[in-house]
Structure formats: C-alpha cells, structure tokens
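**Student:** Sharing entry_1.pdb (PDB, C-alpha atoms and all ligand atoms) below.
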MODEL        1
ATOM      1  CA  MET A   1     -91.695  44.297 -44.729  1.00  0.00           C
ATOM      2  CA  GLU A   2     -90.281  40.812 -44.689  1.00  0.00           C
ATOM      3  CA  THR A   3     -90.268  38.962 -41.409  1.00  0.00           C
ATOM      4  CA  ILE A   4     -88.852  35.695 -40.166  1.00  0.00           C
ATOM      5  CA  VAL A   5     -91.570  35.368 -37.534  1.00  0.00           C
ATOM      6  CA  GLU A   6     -94.335  32.835 -38.088  1.00  0.00           C
ATOM      7  CA  TYR A   7     -97.352  33.431 -35.877  1.00  0.00           C
ATOM      8  CA  THR A   8     -99.191  30.226 -35.097  1.00  0.00           C
ATOM      9  CA  ASP A   9    -100.897  28.493 -32.207  1.00  0.00           C
ATOM     10  CA  THR A  10    -100.524  25.030 -33.690  1.00  0.00           C
ATOM     11  CA  LYS A  11     -96.733  24.760 -33.375  1.00  0.00           C
ATOM     12  CA  VAL A  12     -94.404  24.844 -30.406  1.00  0.00           C
ATOM     13  CA  PRO A  13     -92.691  28.248 -30.070  1.00  0.00           C
ATOM     14  CA  LEU A  14     -89.192  28.025 -31.476  1.00  0.00           C
ATOM     15  CA  ASN A  15     -86.245  30.367 -31.792  1.00  0.00           C
ATOM     16  CA  GLN A  16     -84.167  29.579 -34.857  1.00  0.00           C
ATOM     17  CA  TYR A  17     -82.942  33.099 -35.384  1.00  0.00           C
ATOM     18  CA  PRO A  18     -81.867  34.278 -37.919  1.00  0.00           C
ATOM     19  CA  HIS A  19     -83.718  31.708 -40.045  1.00  0.00           C
ATOM     20  CA  ARG A  20     -87.132  31.697 -38.460  1.00  0.00           C
ATOM     21  CA  ILE A  21     -88.948  32.209 -35.210  1.00  0.00           C
ATOM     22  CA  ILE A  22     -92.193  30.488 -34.351  1.00  0.00           C
ATOM     23  CA  SER A  23     -94.281  32.656 -32.071  1.00  0.00           C
ATOM     24  CA  PRO A  24     -97.706  32.326 -30.473  1.00  0.00           C
ATOM     25  CA  SER A  25    -100.262  34.528 -32.195  1.00  0.00           C
ATOM     26  CA  GLN A  26    -101.078  36.443 -29.029  1.00  0.00           C
ATOM     27  CA  SER A  27     -98.871  38.065 -26.434  1.00  0.00           C
ATOM     28  CA  GLY A  28     -99.487  37.314 -22.748  1.00  0.00           C
ATOM     29  CA  PRO A  29     -99.021  39.171 -19.456  1.00  0.00           C
ATOM     30  CA  CYS A  30     -95.540  37.622 -19.238  1.00  0.00           C
ATOM     31  CA  CYS A  31     -94.422  39.501 -22.332  1.00  0.00           C
ATOM     32  CA  PHE A  32     -94.191  42.808 -20.502  1.00  0.00           C
ATOM     33  CA  SER A  33     -91.421  41.652 -18.183  1.00  0.00           C
ATOM     34  CA  GLU A  34     -89.788  38.675 -19.892  1.00  0.00           C
ATOM     35  CA  THR A  35     -88.990  40.097 -23.317  1.00  0.00           C
ATOM     36  CA  GLU A  36     -85.381  40.024 -24.477  1.00  0.00           C
ATOM     37  CA  ALA A  37     -83.661  41.088 -27.661  1.00  0.00           C
ATOM     38  CA  VAL A  38     -82.964  38.423 -30.260  1.00  0.00           C
ATOM     39  CA  GLY A  39     -80.017  38.958 -32.576  1.00  0.00           C
ATOM     40  CA  PRO A  40     -78.335  42.234 -33.464  1.00  0.00           C
ATOM     41  CA  VAL A  41     -79.949  45.431 -34.679  1.00  0.00           C
ATOM     42  CA  GLU A  42     -80.801  44.927 -38.340  1.00  0.00           C
ATOM     43  CA  HIS A  43     -80.956  47.440 -41.152  1.00  0.00           C
ATOM     44  CA  GLY A  44     -83.773  46.929 -43.612  1.00  0.00           C
ATOM     45  CA  ASP A  45     -84.643  48.943 -46.679  1.00  0.00           C
ATOM     46  CA  ARG A  46     -86.677  51.435 -44.727  1.00  0.00           C
ATOM     47  CA  TRP A  47     -86.371  50.591 -41.061  1.00  0.00           C
ATOM     48  CA  VAL A  48     -83.767  49.830 -38.446  1.00  0.00           C
ATOM     49  CA  TYR A  49     -85.213  47.124 -36.266  1.00  0.00           C
ATOM     50  CA  ARG A  50     -84.571  44.181 -34.024  1.00  0.00           C
ATOM     51  CA  TYR A  51     -86.543  41.197 -32.847  1.00  0.00           C
ATOM     52  CA  LYS A  52     -87.689  40.870 -29.276  1.00  0.00           C
ATOM     53  CA  ARG A  53     -88.869  37.595 -27.876  1.00  0.00           C
ATOM     54  CA  CYS A  54     -90.576  36.663 -24.648  1.00  0.00           C
ATOM     55  CA  ARG A  55     -88.506  34.211 -22.635  1.00  0.00           C
ATOM     56  CA  ALA A  56     -91.621  32.750 -21.040  1.00  0.00           C
ATOM     57  CA  CYS A  57     -94.011  32.119 -23.937  1.00  0.00           C
ATOM     58  CA  GLY A  58     -91.926  32.784 -27.051  1.00  0.00           C
ATOM     59  CA  PHE A  59     -94.055  35.644 -28.352  1.00  0.00           C
ATOM     60  CA  THR A  60     -91.892  37.608 -30.771  1.00  0.00           C
ATOM     61  CA  VAL A  61     -92.249  41.057 -32.240  1.00  0.00           C
ATOM     62  CA  ARG A  62     -90.134  43.063 -34.596  1.00  0.00           C
ATOM     63  CA  VAL A  63     -89.454  46.389 -32.968  1.00  0.00           C
ATOM     64  CA  VAL A  64     -88.756  49.282 -35.318  1.00  0.00           C
ATOM     65  CA  LEU A  65     -86.092  51.464 -33.739  1.00  0.00           C
ATOM     66  CA  ARG A  66     -86.012  54.205 -36.342  1.00  0.00           C
ATOM     67  CA  GLU A  67     -86.492  54.968 -39.990  1.00  0.00           C
ATOM     68  CA  VAL A  68     -83.475  54.567 -42.199  1.00  0.00           C
ATOM     69  CA  GLY A  69     -82.194  57.997 -43.176  1.00  0.00           C
ATOM     70  CA  CYS A  70     -81.943  57.875 -46.943  1.00  0.00           C
ATOM     71  CA  ALA A  71     -78.611  59.728 -46.900  1.00  0.00           C
ATOM     72  CA  GLU A  72     -77.072  57.228 -44.512  1.00  0.00           C
ATOM     73  CA  THR A  73     -77.461  53.709 -45.778  1.00  0.00           C
ATOM     74  CA  ARG A  74     -79.112  53.765 -49.176  1.00  0.00           C
ATOM     75  CA  THR A  75     -76.782  52.797 -51.925  1.00  0.00           C
ATOM     76  CA  ARG A  76     -77.310  53.536 -55.561  1.00  0.00           C
ATOM     77  CA  PRO A  77     -75.323  53.053 -58.728  1.00  0.00           C
ATOM     78  CA  TRP A  78     -73.043  56.006 -59.121  1.00  0.00           C
ATOM     79  CA  GLY A  79     -70.167  56.701 -61.445  1.00  0.00           C
ATOM     80  CA  THR A  80     -71.069  53.881 -63.798  1.00  0.00           C
ATOM     81  CA  LYS A  81     -68.763  53.694 -66.764  1.00  0.00           C
ATOM     82  CA  ARG A  82     -70.643  52.630 -69.849  1.00  0.00           C
ATOM     83  CA  GLY A  83     -69.254  49.446 -71.320  1.00  0.00           C
ATOM     84  CA  SER A  84     -66.706  48.925 -68.601  1.00  0.00           C
ATOM     85  CA  GLY A  85     -68.936  46.535 -66.723  1.00  0.00           C
ATOM     86  CA  VAL A  86     -67.956  48.295 -63.534  1.00  0.00           C
ATOM     87  CA  VAL A  87     -70.603  49.657 -61.246  1.00  0.00           C
ATOM     88  CA  VAL A  88     -69.369  51.654 -58.312  1.00  0.00           C
ATOM     89  CA  LEU A  89     -71.717  51.624 -55.369  1.00  0.00           C
ATOM     90  CA  VAL A  90     -71.286  54.476 -52.957  1.00  0.00           C
ATOM     91  CA  THR A  91     -73.566  56.035 -50.422  1.00  0.00           C
ATOM     92  CA  ARG A  92     -74.720  59.585 -50.903  1.00  0.00           C
ATOM     93  CA  ARG A  93     -72.569  60.612 -47.997  1.00  0.00           C
ATOM     94  CA  ASP A  94     -69.570  59.016 -49.691  1.00  0.00           C
ATOM     95  CA  SER A  95     -70.268  60.828 -52.936  1.00  0.00           C
ATOM     96  CA  ALA A  96     -70.628  64.121 -51.071  1.00  0.00           C
ATOM     97  CA  SER A  97     -67.275  63.715 -49.358  1.00  0.00           C
ATOM     98  CA  LEU A  98     -65.761  62.594 -52.646  1.00  0.00           C
ATOM     99  CA  ARG A  99     -67.045  65.748 -54.315  1.00  0.00           C
ATOM    100  CA  ARG A 100     -65.572  67.826 -51.511  1.00  0.00           C
ATOM    101  CA  THR A 101     -62.247  66.100 -52.097  1.00  0.00           C
ATOM    102  CA  LEU A 102     -62.402  66.765 -55.819  1.00  0.00           C
ATOM    103  CA  ASP A 103     -63.344  70.392 -55.250  1.00  0.00           C
ATOM    104  CA  GLY A 104     -60.229  70.775 -53.138  1.00  0.00           C
TER     105      GLY A 104
HETATM  106 ZN    ZN B 201     -94.872  36.083 -22.997  1.00  0.00          ZN
ENDMDL
END
How does the structure come out when it is put into structure tokens?
Ligand SMILES: [Zn+2]

**Tutor:**
Amino acid sequence: METIVEYTDTKVPLNQYPHRIISPSQSGPCCFSETEAVGPVEHGDRWVYRYKRCRACGFTVRVVLREVGCAETRTRPWGTKRGSGVVVLVTRRDSASLRRTLDG
C-alpha cells in the first residue's frame, strides 16, 4: 500500500502530513510512550488506518485499524446507461436499500 512515510537516517525527521513524513528507520525506546496520532483516520482501498508518530524521535508507523468491509466503502459503477455518458456510483449498501425501496 502507498505510504507518505520516508524512512531514512540521513535526513532530519520531519512531519509534513499529509504530504510526507520523514522518519528514522528504526524505532527507539521512546516510541512506546511518546507516540501520538497524526492526522485523521484514513480509508484506503483495503485498510482503514492512521499514522502514528513519536513526539521524541519522529519515528512514524502506519497503523492498520481494520480491513475495509467490501460492502461498506467500495464503490463500483452501477446503473450505467449506455450512451448517456452518465455513470452512477453507489455503494453496495446503497444499491441494496434502493432495491428495497423499489420492491416496496
Ligand atoms: Zn521515538
């Protein structure tokens, strides 16, 4: 998965969230107690995650909170009308509730 964290020991640790974060390549003893969340919880293609960064040394990890449930956030083309140029994107949950509505 894509990450904004660059692990290096040749640059000064830097927090430029959400563009990039420069982190030392190794965590230290400080990282157990000094780690704080950086930015909001993010939803990737497969994972819900957030970055956590050590206040003391700048070591940053991406913490996966849970797997994305495919019924919850995946979108896919649905109800495409050929030639109309209109693509309606709905989640599966949306289409299920829509079907319920149509079924009465
Ligand atoms: Zn640390």

**Student:** Using the chain letters and residue numbers of this document, give as a ChimeraX atom specification the residues selected by the PyMOL selection byres (((not hetatm)) within 7 of (chain B and resi 201)).

**Tutor:** /A:27-31,34,54-59

**Student:** Can you tell me which residues surround Val61 in chain A at a distance of at most 9 Å, considering only C-alpha atoms, apart from same-chain residues fewer than 2 positions away, and format the answer as an MDAnalysis selection string?

**Tutor:** chainID A and resid 5 23 50:54 59 63

**Student:** Take the residues from that selection and write them out as a PDB file, keeping the file's coordinate frame, keeping C-alpha atoms.

**Tutor:**
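selection-v3.pdb, freshly written:
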ATOM      1  CA  VAL A   5     -91.570  35.368 -37.534  1.00  0.00           C
ATOM      2  CA  SER A  23     -94.281  32.656 -32.071  1.00  0.00           C
ATOM      3  CA  ARG A  50     -84.571  44.181 -34.024  1.00  0.00           C
ATOM      4  CA  TYR A  51     -86.543  41.197 -32.847  1.00  0.00           C
ATOM      5  CA  LYS A  52     -87.689  40.870 -29.276  1.00  0.00           C
ATOM      6  CA  ARG A  53     -88.869  37.595 -27.876  1.00  0.00           C
ATOM      7  CA  CYS A  54     -90.576  36.663 -24.648  1.00  0.00           C
ATOM      8  CA  PHE A  59     -94.055  35.644 -28.352  1.00  0.00           C
ATOM      9  CA  VAL A  63     -89.454  46.389 -32.968  1.00  0.00           C
TER      10      VAL A  63
END

**Student:** One decimal, in Å: what's the spacing between CA of Val38 in chain A and CA of Pro13 in chain A?

**Tutor:**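 Those two atoms sit 14.1 Å apart.
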
**Student:** So the first atom is CA of Ile22 in chain A and the second is CA of Val68 in chain A; what is the distance between them in Å, to one decimal place?

**Tutor:**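 Separating CA of Ile22 in chain A from CA of Val68 in chain A is a distance of 26.8 Å.
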
**Student:** Edge lengths and centre in Å to one decimal, as JSON, of the axis-aligned box that encloses all listed atoms of range 51-68 of chain A with 8 Å added on every side?

**Tutor:**
{"center_x": -88.8, "center_y": 43.5, "center_z": -31.6, "size_x": 26.6, "size_y": 38.8, "size_z": 37.2}

**Student:** Could you tell me how far CA of Thr3 in chain A lies from CA of Tyr49 in chain A, in Å and to one decimal?

**Tutor:** 10.9 Å

**Student:** Measuring atom to atom with only C-alpha atoms, identify which of A:Glu42, A:Thr35, A:Ser25, A:Arg62 is nearest to Ile4 in chain A.

**Tutor:**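 The shortest atom-to-atom distance to Ile4 in chain A comes from A:Arg62.
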
**Student:** Which protein, DNA or RNA residues have an atom at most 8 Å from (-98.1, 31.1, -35.6), counting all atoms listed in the file? List them as number ranges by chain.

**Tutor:** A: 6-11, 22-25
